[in-house]
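Undergrad: Compact mmCIF, C-alpha atoms and all ligand atoms, file final-v6.txt:
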```txt
# COMPACT_ATOMS: atom_id res chain seq x y z
CA MET A 1 19.55 39.21 31.52
CA HIS A 2 16.54 41.26 32.50
CA ALA A 3 16.04 42.51 28.91
CA LYS A 4 16.08 38.87 27.63
CA VAL A 5 13.31 37.80 29.98
CA ASP A 6 11.37 40.82 28.86
CA THR A 7 11.77 39.92 25.21
CA ALA A 8 10.65 36.35 25.83
CA SER A 9 7.56 37.39 27.73
CA LEU A 10 6.79 40.15 25.22
CA ARG A 11 6.93 37.58 22.44
CA ARG A 12 4.76 35.12 24.36
CA ASP A 13 2.19 37.80 24.90
CA TYR A 14 2.35 38.79 21.24
CA TYR A 15 1.93 35.14 20.09
CA GLN A 16 -1.08 34.82 22.37
CA ARG A 17 -2.75 37.92 20.92
CA LEU A 18 -1.73 36.92 17.39
CA SER A 19 -3.42 33.53 17.79
CA THR A 20 -6.80 35.25 18.22
CA GLN A 21 -6.38 36.45 14.63
CA ALA A 22 -5.72 32.91 13.29
CA MET A 23 -2.08 33.82 12.66
CA LYS A 24 1.21 32.34 13.89
CA PRO A 25 4.87 33.35 13.70
CA LEU A 26 6.67 31.29 11.08
CA TRP A 27 10.04 31.74 12.77
CA GLU A 28 9.00 29.46 15.64
CA VAL A 29 8.27 26.52 13.27
CA LEU A 30 10.34 27.14 10.16
CA ALA A 31 12.85 24.35 10.86
CA ASN A 32 9.98 21.83 11.21
CA LEU A 33 8.07 23.06 8.19
CA VAL A 34 11.09 23.06 5.89
CA PRO A 35 13.49 20.45 7.28
CA PRO A 36 16.84 19.59 5.69
CA LEU A 37 15.83 15.94 5.22
CA PRO A 38 12.52 14.05 5.02
CA ALA A 39 10.88 14.11 8.45
CA THR A 40 7.78 11.98 8.92
CA ASP A 41 6.00 10.91 12.07
CA ALA A 42 5.37 7.51 10.48
CA GLN A 43 7.31 4.66 12.10
CA ALA A 44 8.57 1.34 10.81
CA ALA A 45 6.15 -1.32 12.08
CA ILE A 46 5.23 -4.96 11.51
CA TRP A 47 1.85 -6.70 11.83
CA ARG A 48 2.57 -10.41 12.26
CA TRP A 49 0.05 -12.82 10.82
CA GLU A 50 0.14 -15.02 13.92
CA ASP A 51 -0.89 -12.02 16.03
CA ALA A 52 -3.48 -10.66 13.58
CA LEU A 53 -5.21 -13.98 12.83
CA PRO A 54 -6.98 -14.46 16.20
CA PHE A 55 -8.28 -10.88 16.02
CA LEU A 56 -9.48 -11.41 12.46
CA ARG A 57 -11.27 -14.61 13.53
CA GLU A 58 -12.84 -12.79 16.45
CA SER A 59 -14.07 -9.98 14.16
CA GLY A 60 -15.79 -12.70 12.13
CA GLU A 61 -17.83 -13.62 15.21
CA LEU A 62 -18.60 -10.04 16.23
CA ILE A 63 -19.92 -8.58 12.97
CA THR A 64 -20.99 -9.77 9.53
CA ALA A 65 -19.46 -8.43 6.31
CA GLN A 66 -22.89 -7.11 5.35
CA GLU A 67 -23.28 -5.22 8.62
CA ALA A 68 -19.73 -3.90 8.63
CA GLU A 69 -19.96 -3.12 4.90
CA ARG A 70 -16.23 -3.89 4.89
CA ARG A 71 -14.93 -6.08 7.74
CA VAL A 72 -11.42 -4.68 7.92
CA LEU A 73 -8.81 -4.29 10.64
CA ILE A 74 -6.98 -1.07 9.80
CA LEU A 75 -3.18 -1.29 10.04
CA GLU A 76 -2.65 2.09 11.67
CA ASN A 77 0.89 3.37 11.82
CA PRO A 78 1.83 3.68 15.52
CA GLY A 79 3.45 7.05 14.74
CA LEU A 80 0.21 8.39 13.22
CA PRO A 81 -2.33 7.61 15.96
CA GLY A 82 -5.94 8.44 15.17
CA GLN A 83 -5.23 8.99 11.48
CA ASN A 84 -6.40 5.57 10.29
CA THR A 85 -3.49 5.33 7.89
CA CYS A 86 -0.36 3.24 7.43
CA THR A 87 1.78 5.93 5.81
CA PRO A 88 0.96 9.64 5.53
CA THR A 89 -0.57 8.94 2.10
CA ILE A 90 -1.60 5.27 1.99
CA TYR A 91 -4.17 3.40 4.04
CA ALA A 92 -3.78 -0.35 4.63
CA GLY A 93 -6.05 -2.93 6.27
CA LEU A 94 -6.71 -6.66 6.47
CA GLN A 95 -10.16 -7.55 5.14
CA LEU A 96 -11.90 -10.81 6.08
CA ILE A 97 -14.79 -12.40 4.21
CA LEU A 98 -16.31 -15.66 5.42
CA PRO A 99 -17.98 -18.36 3.32
CA GLY A 100 -21.42 -17.24 2.17
CA GLU A 101 -20.85 -13.56 2.93
CA VAL A 102 -21.21 -10.52 0.68
CA ALA A 103 -19.57 -7.12 1.19
CA PRO A 104 -22.10 -4.88 -0.57
CA ALA A 105 -21.46 -2.89 -3.75
CA HIS A 106 -20.32 0.70 -3.60
CA ARG A 107 -18.02 3.04 -5.48
CA HIS A 108 -15.77 5.85 -4.37
CA THR A 109 -13.11 8.21 -5.68
CA GLN A 110 -10.41 6.44 -3.67
CA SER A 111 -8.54 3.77 -5.64
CA ALA A 112 -7.99 0.38 -4.01
CA LEU A 113 -5.70 -2.58 -4.38
CA ARG A 114 -6.18 -6.01 -2.84
CA PHE A 115 -3.36 -8.43 -2.20
CA VAL A 116 -4.67 -11.87 -1.31
CA VAL A 117 -3.01 -13.07 1.89
CA ASP A 118 -4.88 -16.16 3.07
CA GLY A 119 -7.49 -18.54 1.66
CA GLU A 120 -9.08 -18.70 -1.76
CA GLY A 121 -12.43 -18.82 -3.52
CA ALA A 122 -13.75 -15.34 -2.70
CA TYR A 123 -14.25 -12.87 -5.52
CA THR A 124 -14.14 -9.16 -6.13
CA ALA A 125 -16.50 -7.82 -8.78
CA VAL A 126 -15.35 -4.71 -10.63
CA ASN A 127 -17.68 -3.00 -13.09
CA GLY A 128 -19.68 -6.15 -13.83
CA GLU A 129 -16.85 -8.68 -13.92
CA ARG A 130 -15.86 -11.06 -11.16
CA VAL A 131 -12.36 -12.22 -10.42
CA THR A 132 -11.73 -15.18 -8.15
CA MET A 133 -9.00 -14.68 -5.57
CA HIS A 134 -5.98 -16.91 -4.93
CA PRO A 135 -3.14 -16.23 -2.49
CA GLY A 136 -0.65 -13.76 -3.96
CA ASP A 137 -3.07 -12.37 -6.56
CA PHE A 138 -2.89 -8.61 -6.93
CA ILE A 139 -6.28 -7.06 -7.72
CA ILE A 140 -7.22 -3.47 -8.52
CA THR A 141 -10.41 -1.54 -7.91
CA PRO A 142 -9.93 1.67 -9.93
CA LYS A 143 -11.49 4.87 -8.60
CA TRP A 144 -15.23 5.28 -9.10
CA THR A 145 -15.78 1.68 -10.23
CA TRP A 146 -18.59 -0.32 -8.62
CA HIS A 147 -17.18 -3.11 -6.52
CA ASP A 148 -18.48 -5.75 -4.18
CA HIS A 149 -16.81 -8.76 -2.63
CA GLY A 150 -18.34 -12.17 -2.07
CA ASN A 151 -17.33 -15.60 -0.87
CA PRO A 152 -19.18 -18.51 -2.49
CA GLY A 153 -16.39 -20.88 -1.40
CA ASP A 154 -15.81 -22.83 1.79
CA GLN A 155 -12.74 -21.03 3.21
CA ALA A 156 -12.32 -17.76 5.08
CA VAL A 157 -10.43 -15.37 2.81
CA THR A 158 -8.26 -12.48 3.99
CA TRP A 159 -6.60 -9.88 1.84
CA LEU A 160 -4.55 -6.75 2.36
CA ASP A 161 -6.33 -3.60 1.23
CA GLY A 162 -4.29 -0.60 0.08
CA LEU A 163 -6.12 2.64 -0.71
CA ASP A 164 -5.10 6.24 -1.41
CA ILE A 165 -7.57 7.39 1.25
CA ALA A 166 -5.23 9.89 2.91
CA VAL A 167 -4.33 11.52 -0.42
CA VAL A 168 -7.95 11.90 -1.48
CA ARG A 169 -8.80 13.16 2.02
CA MET A 170 -6.03 15.76 1.84
CA LEU A 171 -7.32 16.90 -1.55
CA GLY A 172 -10.91 17.08 -0.31
CA ALA A 173 -11.96 14.97 -3.28
CA GLN A 174 -13.91 12.21 -1.49
CA PHE A 175 -17.14 11.02 -3.12
CA ARG A 176 -18.95 7.74 -2.51
CA GLU A 177 -22.20 6.03 -3.52
CA ASN A 178 -23.83 2.80 -2.47
CA LEU A 179 -25.53 0.60 -5.05
CA HIS A 180 -29.21 -0.05 -4.36
CA GLU A 181 -28.48 -3.78 -4.41
CA ALA A 182 -25.84 -5.64 -2.39
CA THR A 183 -24.36 -7.36 -5.43
CA GLN A 184 -23.90 -5.86 -8.87
CA GLY A 185 -25.09 -7.81 -11.89
CA VAL A 186 -22.54 -9.87 -13.80
CA GLN A 187 -22.12 -8.30 -17.25
CA ARG A 188 -19.13 -10.20 -18.57
CA PRO A 189 -17.80 -13.69 -17.89
CA GLU A 190 -14.79 -14.07 -15.62
CA GLY A 191 -11.51 -13.77 -17.52
CA ASP A 192 -12.76 -11.22 -20.06
CA ALA A 193 -10.47 -8.35 -19.00
CA ALA A 194 -7.51 -10.71 -18.56
CA ALA A 195 -7.91 -11.97 -22.14
CA ARG A 196 -8.45 -8.53 -23.68
CA PHE A 197 -5.73 -6.66 -21.83
CA GLY A 198 -3.51 -9.19 -20.09
CA ALA A 199 -1.76 -10.93 -23.00
CA ASN A 200 0.38 -8.03 -24.28
CA MET A 201 -2.47 -7.16 -26.66
CA LEU A 202 -5.26 -4.56 -26.68
CA PRO A 203 -8.69 -4.36 -28.36
CA LEU A 204 -8.62 -2.61 -31.77
CA ASP A 205 -10.63 0.39 -30.63
CA TYR A 206 -9.11 0.75 -27.16
CA GLN A 207 -8.66 4.32 -25.93
CA PRO A 208 -6.71 4.75 -22.69
CA HIS A 209 -8.63 6.90 -20.26
CA ASP A 210 -8.08 8.42 -16.86
CA GLY A 211 -4.84 6.55 -16.26
CA VAL A 212 -7.06 3.71 -15.06
CA THR A 213 -5.82 0.19 -15.74
CA PRO A 214 -8.20 -1.91 -17.86
CA ILE A 215 -6.84 -5.02 -16.18
CA PHE A 216 -7.80 -5.64 -12.61
CA CYS A 217 -6.14 -8.91 -11.69
CA TYR A 218 -2.46 -9.78 -11.84
CA PRO A 219 -2.44 -13.48 -10.96
CA TYR A 220 0.34 -14.62 -8.65
CA HIS A 221 1.30 -17.64 -10.74
CA ALA A 222 2.24 -15.40 -13.70
CA SER A 223 4.08 -12.74 -11.69
CA ARG A 224 5.95 -15.35 -9.67
CA ALA A 225 6.95 -17.30 -12.79
CA ALA A 226 8.50 -14.16 -14.30
CA LEU A 227 10.57 -13.51 -11.19
CA MET A 228 11.71 -17.12 -10.91
CA GLN A 229 12.83 -17.13 -14.54
CA LEU A 230 14.88 -13.99 -13.94
CA HIS A 231 16.24 -15.46 -10.75
CA GLU A 232 17.31 -18.61 -12.57
CA ASN A 233 18.93 -16.55 -15.35
CA ALA A 234 20.74 -14.33 -12.86
CA GLY A 235 22.17 -17.07 -10.69
CA SER A 236 24.09 -15.30 -7.95
CA ARG A 237 25.42 -12.58 -10.25
CA VAL A 238 24.91 -9.05 -8.90
CA GLY A 239 24.54 -6.09 -11.27
CA GLU A 240 23.31 -5.62 -14.85
CA GLY A 241 21.07 -8.55 -15.80
CA GLY A 242 21.55 -10.11 -12.38
CA LEU A 243 20.48 -9.41 -8.84
CA HIS A 244 20.01 -5.84 -7.63
CA ALA A 245 22.28 -5.27 -4.63
CA CYS A 246 19.37 -3.97 -2.54
CA HIS A 247 16.25 -5.56 -4.02
CA GLY A 248 17.29 -8.99 -5.34
CA ILE A 249 15.04 -9.51 -8.38
CA LYS A 250 12.26 -6.93 -8.31
CA LEU A 251 9.64 -6.00 -10.91
CA GLN A 252 6.91 -3.39 -10.86
CA TYR A 253 3.31 -4.05 -11.87
CA VAL A 254 2.18 -1.99 -14.84
CA ASN A 255 -0.96 -0.68 -16.47
CA PRO A 256 -0.58 -2.57 -19.78
CA ALA A 257 -2.31 0.19 -21.75
CA SER A 258 -0.22 3.11 -20.53
CA GLY A 259 3.02 1.73 -19.16
CA GLY A 260 2.25 3.63 -15.96
CA SER A 261 1.47 2.38 -12.49
CA PRO A 262 -1.70 0.27 -12.12
CA ILE A 263 -3.24 2.96 -9.89
CA PRO A 264 -2.41 6.63 -10.56
CA THR A 265 -1.35 7.19 -6.95
CA ILE A 266 0.10 3.77 -6.05
CA ALA A 267 2.95 1.70 -7.49
CA ALA A 268 3.17 -2.02 -6.69
CA PHE A 269 6.06 -4.44 -6.84
CA LEU A 270 6.96 -8.10 -6.47
CA GLN A 271 10.47 -9.27 -5.64
CA VAL A 272 12.36 -12.44 -4.87
CA LEU A 273 15.29 -12.52 -2.46
CA PRO A 274 17.48 -15.60 -2.91
CA LYS A 275 18.19 -17.75 0.14
CA GLY A 276 21.05 -16.11 2.04
CA PHE A 277 20.54 -12.72 0.35
CA ALA A 278 22.01 -9.81 2.32
CA GLY A 279 20.82 -6.59 0.70
CA ALA A 280 22.79 -3.36 0.55
CA PRO A 281 21.34 -0.39 2.47
CA TYR A 282 18.56 1.44 0.66
CA ARG A 283 16.14 4.26 1.15
CA SER A 284 13.71 6.22 -0.99
CA THR A 285 11.24 9.03 -0.44
CA ASP A 286 8.16 6.87 -0.99
CA GLY A 287 6.76 5.09 2.08
CA MET A 288 6.53 1.35 1.33
CA ILE A 289 4.14 -1.30 2.66
CA TYR A 290 5.23 -4.95 2.28
CA SER A 291 3.30 -8.22 2.40
CA VAL A 292 5.39 -11.35 2.75
CA VAL A 293 4.26 -14.14 0.42
CA GLU A 294 6.94 -16.81 0.78
CA GLY A 295 10.10 -17.41 2.78
CA GLU A 296 11.64 -15.95 5.89
CA GLY A 297 14.00 -13.13 6.59
CA ARG A 298 14.71 -9.90 8.35
CA ILE A 299 14.52 -6.18 7.64
CA GLU A 300 17.26 -4.19 9.38
CA PHE A 301 17.04 -0.50 10.14
CA ASP A 302 19.85 1.57 11.67
CA ASP A 303 18.69 0.93 15.24
CA HIS A 304 16.35 -2.07 15.14
CA SER A 305 15.17 -4.96 12.96
CA PHE A 306 12.11 -7.17 12.34
CA GLU A 307 12.05 -10.84 11.47
CA PHE A 308 9.40 -11.57 8.84
CA LYS A 309 7.42 -14.66 7.87
CA PRO A 310 4.71 -15.39 5.29
CA LYS A 311 1.52 -13.28 5.56
CA ASP A 312 3.21 -10.65 7.75
CA THR A 313 2.76 -7.00 6.74
CA PHE A 314 5.37 -4.34 7.45
CA VAL A 315 5.81 -0.66 6.65
CA VAL A 316 9.00 1.25 5.84
CA PRO A 317 8.51 5.02 6.12
CA SER A 318 9.94 7.58 3.76
CA TRP A 319 13.73 7.86 3.73
CA MET A 320 14.33 5.26 6.45
CA ARG A 321 17.50 3.37 5.61
CA HIS A 322 17.08 -0.41 5.66
CA ARG A 323 18.50 -3.69 4.41
CA LEU A 324 16.64 -6.86 3.43
CA HIS A 325 17.99 -10.24 4.48
CA ALA A 326 16.55 -13.61 3.47
CA SER A 327 17.29 -16.75 5.46
CA GLU A 328 15.05 -18.67 3.02
CA GLN A 329 14.22 -17.75 -0.56
CA SER A 330 11.58 -15.06 -0.06
CA VAL A 331 8.91 -13.42 -2.19
CA LEU A 332 7.71 -9.99 -1.11
CA PHE A 333 4.85 -7.92 -2.48
CA SER A 334 5.03 -4.17 -1.84
CA PHE A 335 3.28 -0.94 -2.70
CA SER A 336 3.90 2.77 -2.19
CA ASP A 337 2.99 6.33 -3.16
CA ARG A 338 5.91 6.50 -5.64
CA PRO A 339 3.78 7.68 -8.62
CA ILE A 340 2.88 10.84 -6.71
CA HIS A 341 6.54 11.55 -5.95
CA LYS A 342 7.44 10.92 -9.60
CA ALA A 343 4.61 13.06 -10.96
CA LEU A 344 5.85 15.95 -8.83
CA HIS A 345 9.51 15.24 -9.68
CA LEU A 346 10.20 14.72 -5.97
CA TRP A 347 11.22 11.07 -5.93
CA ARG A 348 14.71 10.33 -4.64
CA GLU A 349 16.47 7.13 -3.71
CA SER A 350 19.80 6.39 -2.16
CA VAL A 351 21.68 3.14 -2.55
CA GLY A 352 24.40 2.10 -0.15
CA GLU A 353 25.79 3.86 2.89
CA SER A 354 25.85 7.38 1.53
CA VAL A 355 23.79 9.83 3.51
CA SER A 356 22.71 12.89 1.56
O1 LIG B 1 -13.23 -2.82 -0.12
O2 LIG B 1 -14.21 -1.02 -0.79
O3 LIG B 1 -10.21 -1.42 3.50
O4 LIG B 1 -14.09 1.12 0.67
C1 LIG B 1 -11.49 0.52 3.10
C2 LIG B 1 -12.47 1.16 2.38
C3 LIG B 1 -11.82 -1.46 1.81
C4 LIG B 1 -13.46 -1.61 -0.01
C5 LIG B 1 -11.18 -0.77 2.81
C6 LIG B 1 -13.14 0.49 1.37
C7 LIG B 1 -12.80 -0.84 1.08
```
Render the structure in this file as structure tokens.
Ligand code: GTQ

TA:
Amino acid sequence: MHAKVDTASLRRDYYQRLSTQAMKPLWEVLANLVPPLPATDAQAAIWRWEDALPFLRESGELITAQEAERRVLILENPGLPGQNTCTPTIYAGLQLILPGEVAPAHRHTQSALRFVVDGEGAYTAVNGERVTMHPGDFIITPKWTWHDHGNPGDQAVTWLDGLDIAVVRMLGAQFRENLHEATQGVQRPEGDAAARFGANMLPLDYQPHDGVTPIFCYPYHASRAALMQLHENAGSRVGEGGLHACHGIKLQYVNPASGGSPIPTIAAFLQVLPKGFAGAPYRSTDGMIYSVVEGEGRIEFDDHSFEFKPKDTFVVPSWMRHRLHASEQSVLFSFSDRPIHKALHLWRESVGESVS
């Protein structure tokens, strides 16, 4: 008994002295550093549109887009306080731009996606080309491309931003420049990139580079039409050619020139859940952020659940088992760090009840 107390206090004393040398004993933390299963501090969370909207409106009265540079409410994971991130790798935020405003041009090494949540008529300009935003449109700002946002329309426009900020921060690879002018010059008419790269065709001399997608808008009407066609073809059949037991009908967005993800670090998806759909349990190592476009339903975890409605955002952390239920036909947009997992051959998924 006495010897044990001695050992403990000897060790404590040793750890104390060791810490002055910037060293620590591995054996005290090994189980945390190398756990048997994914362990993340990130939590499942939902940001409901009806709760976010008054705060977005208020931000519009407190600061201009010009002054803020980007008027965004960060969706910070409650399990990662102070880290300004939604998952350990991916940042998310709701960005508001009011009629007549400009969010000035800059470029950075972080890649961004925009998913239009509410309103239309604003634009994002990427490398000299503008794209007008409509609800459900999925828009890319590749790394190191000049981009500014503007709203020449008459409605407030809000979109969900997703950026690989935490990845680039971890790598220490952050660079950023502001353009000397608020708005970059228009170099090509709207629709140029969509025509060149968005019709299953490519320019004759096109050379893929950097894994960066040459297309920067995936319009909702086209993505939705594809899903609805597949839904109609599938009927209520589950399995090959029909509904996926966990995901309903789900497609991934693609860089048309490479077949890879639209952003090197981020994969994005759109899915439809038929009315009454009750998904099988699912989990995967990538942490997923969802934006609800249409419908109503519920996401069930082992010990709690969230009801979701249009324009809500929710996050499902790595390896958290969940099921999707739809009380109305629902369309969900989602994005995650899956390409990083796949590049490192770390990606795993598990379908059904099995716990591995
Ligand atoms: O629109 O460029 O939500 O640089 C965070 C950082 C948006 C943007 C964000 C950014 C942007």

Undergrad: Closest to Gly60 in chain A among A:Pro264, A:Glu76, A:Met23, A:Ala156, using all atoms listed in the file?

TA: A:Ala156

Undergrad: Taking all atoms listed in the file and a cut-off of 7 Å, can you tell me which residues surround ligand LIG 1 (chain B), written as a PDB file with C-alpha atoms, in the frame of the given file?

TA:
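See part-v1.pdb below for the written result:
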```pdb
ATOM      1  CA  ARG A  70     -16.230  -3.890   4.890  1.00  0.00           C
ATOM      2  CA  VAL A  72     -11.420  -4.680   7.920  1.00  0.00           C
ATOM      3  CA  ALA A  92      -3.780  -0.350   4.630  1.00  0.00           C
ATOM      4  CA  GLY A  93      -6.050  -2.930   6.270  1.00  0.00           C
ATOM      5  CA  LEU A  94      -6.710  -6.660   6.470  1.00  0.00           C
ATOM      6  CA  GLN A  95     -10.160  -7.550   5.140  1.00  0.00           C
ATOM      7  CA  HIS A 106     -20.320   0.700  -3.600  1.00  0.00           C
ATOM      8  CA  HIS A 147     -17.180  -3.110  -6.520  1.00  0.00           C
ATOM      9  CA  ASP A 161      -6.330  -3.600   1.230  1.00  0.00           C
ATOM     10  CA  GLY A 162      -4.290  -0.600   0.080  1.00  0.00           C
ATOM     11  CA  LEU A 163      -6.120   2.640  -0.710  1.00  0.00           C
TER      12      LEU A 163
END
```

Undergrad: Identify which of the residues A:Cys246, A:Leu96, A:Ile90, A:Ala105 lies closest to Gly119 in chain A, counting all atoms listed in the file when measuring atom-to-atom distances.

TA: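 Using all atoms listed in the file, the shortest distance to Gly119 in chain A belongs to A:Leu96.
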
Undergrad: Identify which of the residues A:Ser336, A:Thr285, A:Ser9, A:Asn77 lies closest to Ser318 in chain A, counting only C-alpha atoms when measuring atom-to-atom distances.

TA: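 Closest residue, counting only C-alpha atoms: A:Thr285.
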
Undergrad: Check the smallest atom-to-atom distance from each of A:Thr109, A:Thr265, A:Thr87, A:Gln229 to Val316 in chain A using only C-alpha atoms, then report the winner.

TA: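 Ranking A:Thr109, A:Thr265, A:Thr87, A:Gln229 by distance to Val316 in chain A, first place goes to A:Thr87.
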
Undergrad: At a cut-off of 7 Å around the point (-10.2, -14.9, -13.3) (file coordinates), what residues fall inside when counting all atoms listed in the file? I'd like the answer as a ChimeraX atom specification.

TA: /A:131-132,190-191

Undergrad: So which residues fall inside 10 Å of (-19.9, -8.7, -15.0) if we count only C-alpha atoms? Mind giving them as a list in words?

TA: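 Residues with an atom close enough to that point: Ala125, Val126, Asn127, Gly128, Glu129, Arg130, Val131, Gln184, Gly185, Val186, Gln187, Arg188, Pro189, Glu190 and Asp192 of chain A.
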
Undergrad: For the atom pair CA of Gly239 in chain A and CA of Ala278 in chain A, what is the interatomic distance in Å to one decimal place?

TA: 14.3 Å

Undergrad: How many Å separate CA of Gly248 in chain A from CA of Ile289 in chain A?

TA: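 Value for the CA of Gly248 in chain A-CA of Ile289 in chain A distance: 17.2 Å.
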
Undergrad: Which distance in Å separates CA of Phe55 in chain A and CA of Thr313 in chain A, to one decimal?

TA: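 One can read the CA of Phe55 in chain A to CA of Thr313 in chain A distance as 14.9 Å.
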
Undergrad: My list of candidates is A:Pro281, A:Gly241, A:Pro36, A:Gly136. Which is closest to Leu324 in chain A when distances are computed with only C-alpha atoms?

TA: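 Result for the nearest residue to Leu324 in chain A: A:Pro281.
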
Undergrad: May I have the residues within 12 Å of Gly352 in chain A as a tab-separated table (two decimals) with C-alpha atoms, in the coordinates of the input, using all atoms listed in the file and disregarding those fewer than 3 positions away in the same chain?

TA:
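Okay, this is what ended up in result.tsv:
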```
chain	number	residue	atom	x	y	z
A	244	HIS	CA	20.01	-5.84	-7.63
A	245	ALA	CA	22.28	-5.27	-4.63
A	246	CYS	CA	19.37	-3.97	-2.54
A	247	HIS	CA	16.25	-5.56	-4.02
A	279	GLY	CA	20.82	-6.59	0.70
A	280	ALA	CA	22.79	-3.36	0.55
A	281	PRO	CA	21.34	-0.39	2.47
A	282	TYR	CA	18.56	1.44	0.66
A	283	ARG	CA	16.14	4.26	1.15
A	284	SER	CA	13.71	6.22	-0.99
A	321	ARG	CA	17.50	3.37	5.61
A	322	HIS	CA	17.08	-0.41	5.66
A	323	ARG	CA	18.50	-3.69	4.41
A	349	GLU	CA	16.47	7.13	-3.71
A	355	VAL	CA	23.79	9.83	3.51
A	356	SER	CA	22.71	12.89	1.56
```

Undergrad: Measuring atom to atom with only C-alpha atoms, identify which of A:Gln21, A:Asn233, A:Asn84, A:Ser261 is nearest to Ala42 in chain A.

TA: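 Ranked by minimum distance to Ala42 in chain A, first place goes to A:Asn84.
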
Undergrad: Which residues are near Asp164 in chain A? Cut-off 8 Å, only C-alpha atoms, ignore same chain within fewer than 5 positions. Put them as a list of chain:residue names.

TA: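 These residues fall inside the cut-off: A:Thr89, A:Ile90, A:Tyr91, A:Gln110, A:Ser111, A:Ala112, A:Thr265, A:Ile266.
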
Undergrad: Might I get the box with edges along x, y and z of the file that holds all atoms of range 40-46 of chain A listed there, padded by 5 Å on every side, given as centre and edge lengths in Å to one decimal, as AutoDock Vina command-line options?

TA:
```
--center_x 6.9 --center_y 3.5 --center_z 10.5 --size_x 13.3 --size_y 26.9 --size_z 13.2
```
